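Trainee: Pasting a structure here, questions to come.
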Amino acid sequence: MRKPIFIIAILIVQTLCALFFVSDILSVFFGFSTTPLPWELREVMQIFAAFGLVVGVVLGAVLLRLATADRRRAELQLRRASSAFMQLLAERMAEWGLTPAERDVALFAIKGMSTAEIAALRATSEGTIKAQTNAIYRKAGVTGRAQLISLFIEDLIDKDAVTSTIDPSSSSKDEPVLG
């Protein structure tokens, strides 16, 4: 039901059905003379048009429900990833022996704030922030902000790779099974 061709087909059917009803109303309203259809054919066309519109509404509701469920799943995954990232940050900062002030500065730096912005938030001088960031980089064993961020990204990727599982029955003899 998530195939674009299916959705396009539904939209085409609904458009044709709507055009049938609208053209019928407009021809009467503006007084266009049309060749009358036998009433049996006209009734069948109206039944099919109404059916097409009802099917479109039902399928639209189903697709909306599926989209809402997908959004909720994505939000849950984002919350989990955010939680995992914050836990990883706390673990690494503790391993590196960062002071509380250095932890704050590291977090602001990872969030992408400039030295001036961090200094303003911490109500201190830019020189102090530069000294603290240098201490953070030294303790983390990196040379700059980009490397600091990449440490966390690598850890998250490695953590996900280790915790993911592959079905042993679907792997070949040459493929490692993680678990």
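Starting from 1 in every chain, residues are counted up; chains themselves are A, B, ... following the order of the structure tokens, and ligands are numbered from 1 as listed.
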Name the residues in contact with range 88-102 of chain A at a cut-off of 8 Å, using only C-alpha atoms, excluding same-chain residues fewer than 5 positions from it; report them as a CSV table (one decimal) with C-alpha atoms, in the first residue's frame.
Mentor:
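That gives us out.csv:
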```
chain,number,residue,atom,x,y,z
A,132,GLN,CA,39.4,24.8,28.6
A,133,THR,CA,38.8,23.5,25.0
A,135,ALA,CA,42.5,20.9,27.9
A,136,ILE,CA,39.5,19.0,26.6
A,139,LYS,CA,42.5,14.8,27.6
A,140,ALA,CA,40.5,13.3,24.7
A,152,PHE,CA,31.5,10.1,19.5
A,155,ASP,CA,31.6,5.2,19.2
A,156,LEU,CA,27.9,5.3,18.3
```
Trainee: Using DSSP on the backbone, list every residue of chain A that comes out as alpha helix (DSSP H), and give them as JSON, numbers by chain.
Mentor: {"A": [4, 5, 6, 7, 8, 9, 10, 11, 12, 13, 14, 15, 16, 17, 18, 19, 20, 21, 22, 23, 24, 25, 26, 27, 28, 29, 30, 39, 40, 41, 42, 43, 44, 45, 46, 47, 48, 49, 50, 51, 52, 53, 54, 55, 56, 57, 58, 59, 60, 61, 62, 63, 64, 65, 66, 67, 68, 69, 70, 71, 72, 73, 74, 75, 76, 77, 78, 79, 80, 81, 82, 83, 84, 85, 86, 87, 88, 89, 90, 91, 92, 93, 94, 95, 96, 100, 101, 102, 103, 104, 105, 106, 107, 108, 109, 110, 115, 116, 117, 118, 119, 120, 121, 122, 126, 127, 128, 129, 130, 131, 132, 133, 134, 135, 136, 137, 138, 139, 140, 145, 146, 147, 148, 149, 150, 151, 152, 153, 154, 155, 156, 157, 158, 159, 160, 161, 162, 163]}
Trainee: Quick one: of A:Leu78, A:Thr128, A:Phe48, A:Phe32, who's nearest to Ala116 in chain A, counting only C-alpha atoms?
Mentor: A:Thr128
Trainee: For a test of reading the model, state the distance in Å between CA of Gln46 in chain A and CA of Val28 in chain A, rounded to one decimal.
Mentor: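 Value for the CA of Gln46 in chain A-CA of Val28 in chain A distance: 15.7 Å.
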Trainee: List the neighbours of Ile149 in chain A out to 10 Å using only C-alpha atoms; skip same-chain residues closer than 4 positions along the sequence, and give me the result as a PyMOL selection string.
Mentor: chain A and resi 106+109-112+142+144-145+153-154
Trainee: Taking only C-alpha atoms into account, which of A:Ser150, A:Thr34, A:Gly60, A:Ala131 comes nearest Ile8 in chain A?
Mentor: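 Residue with the minimum atom-to-atom distance to Ile8 in chain A: A:Gly60.
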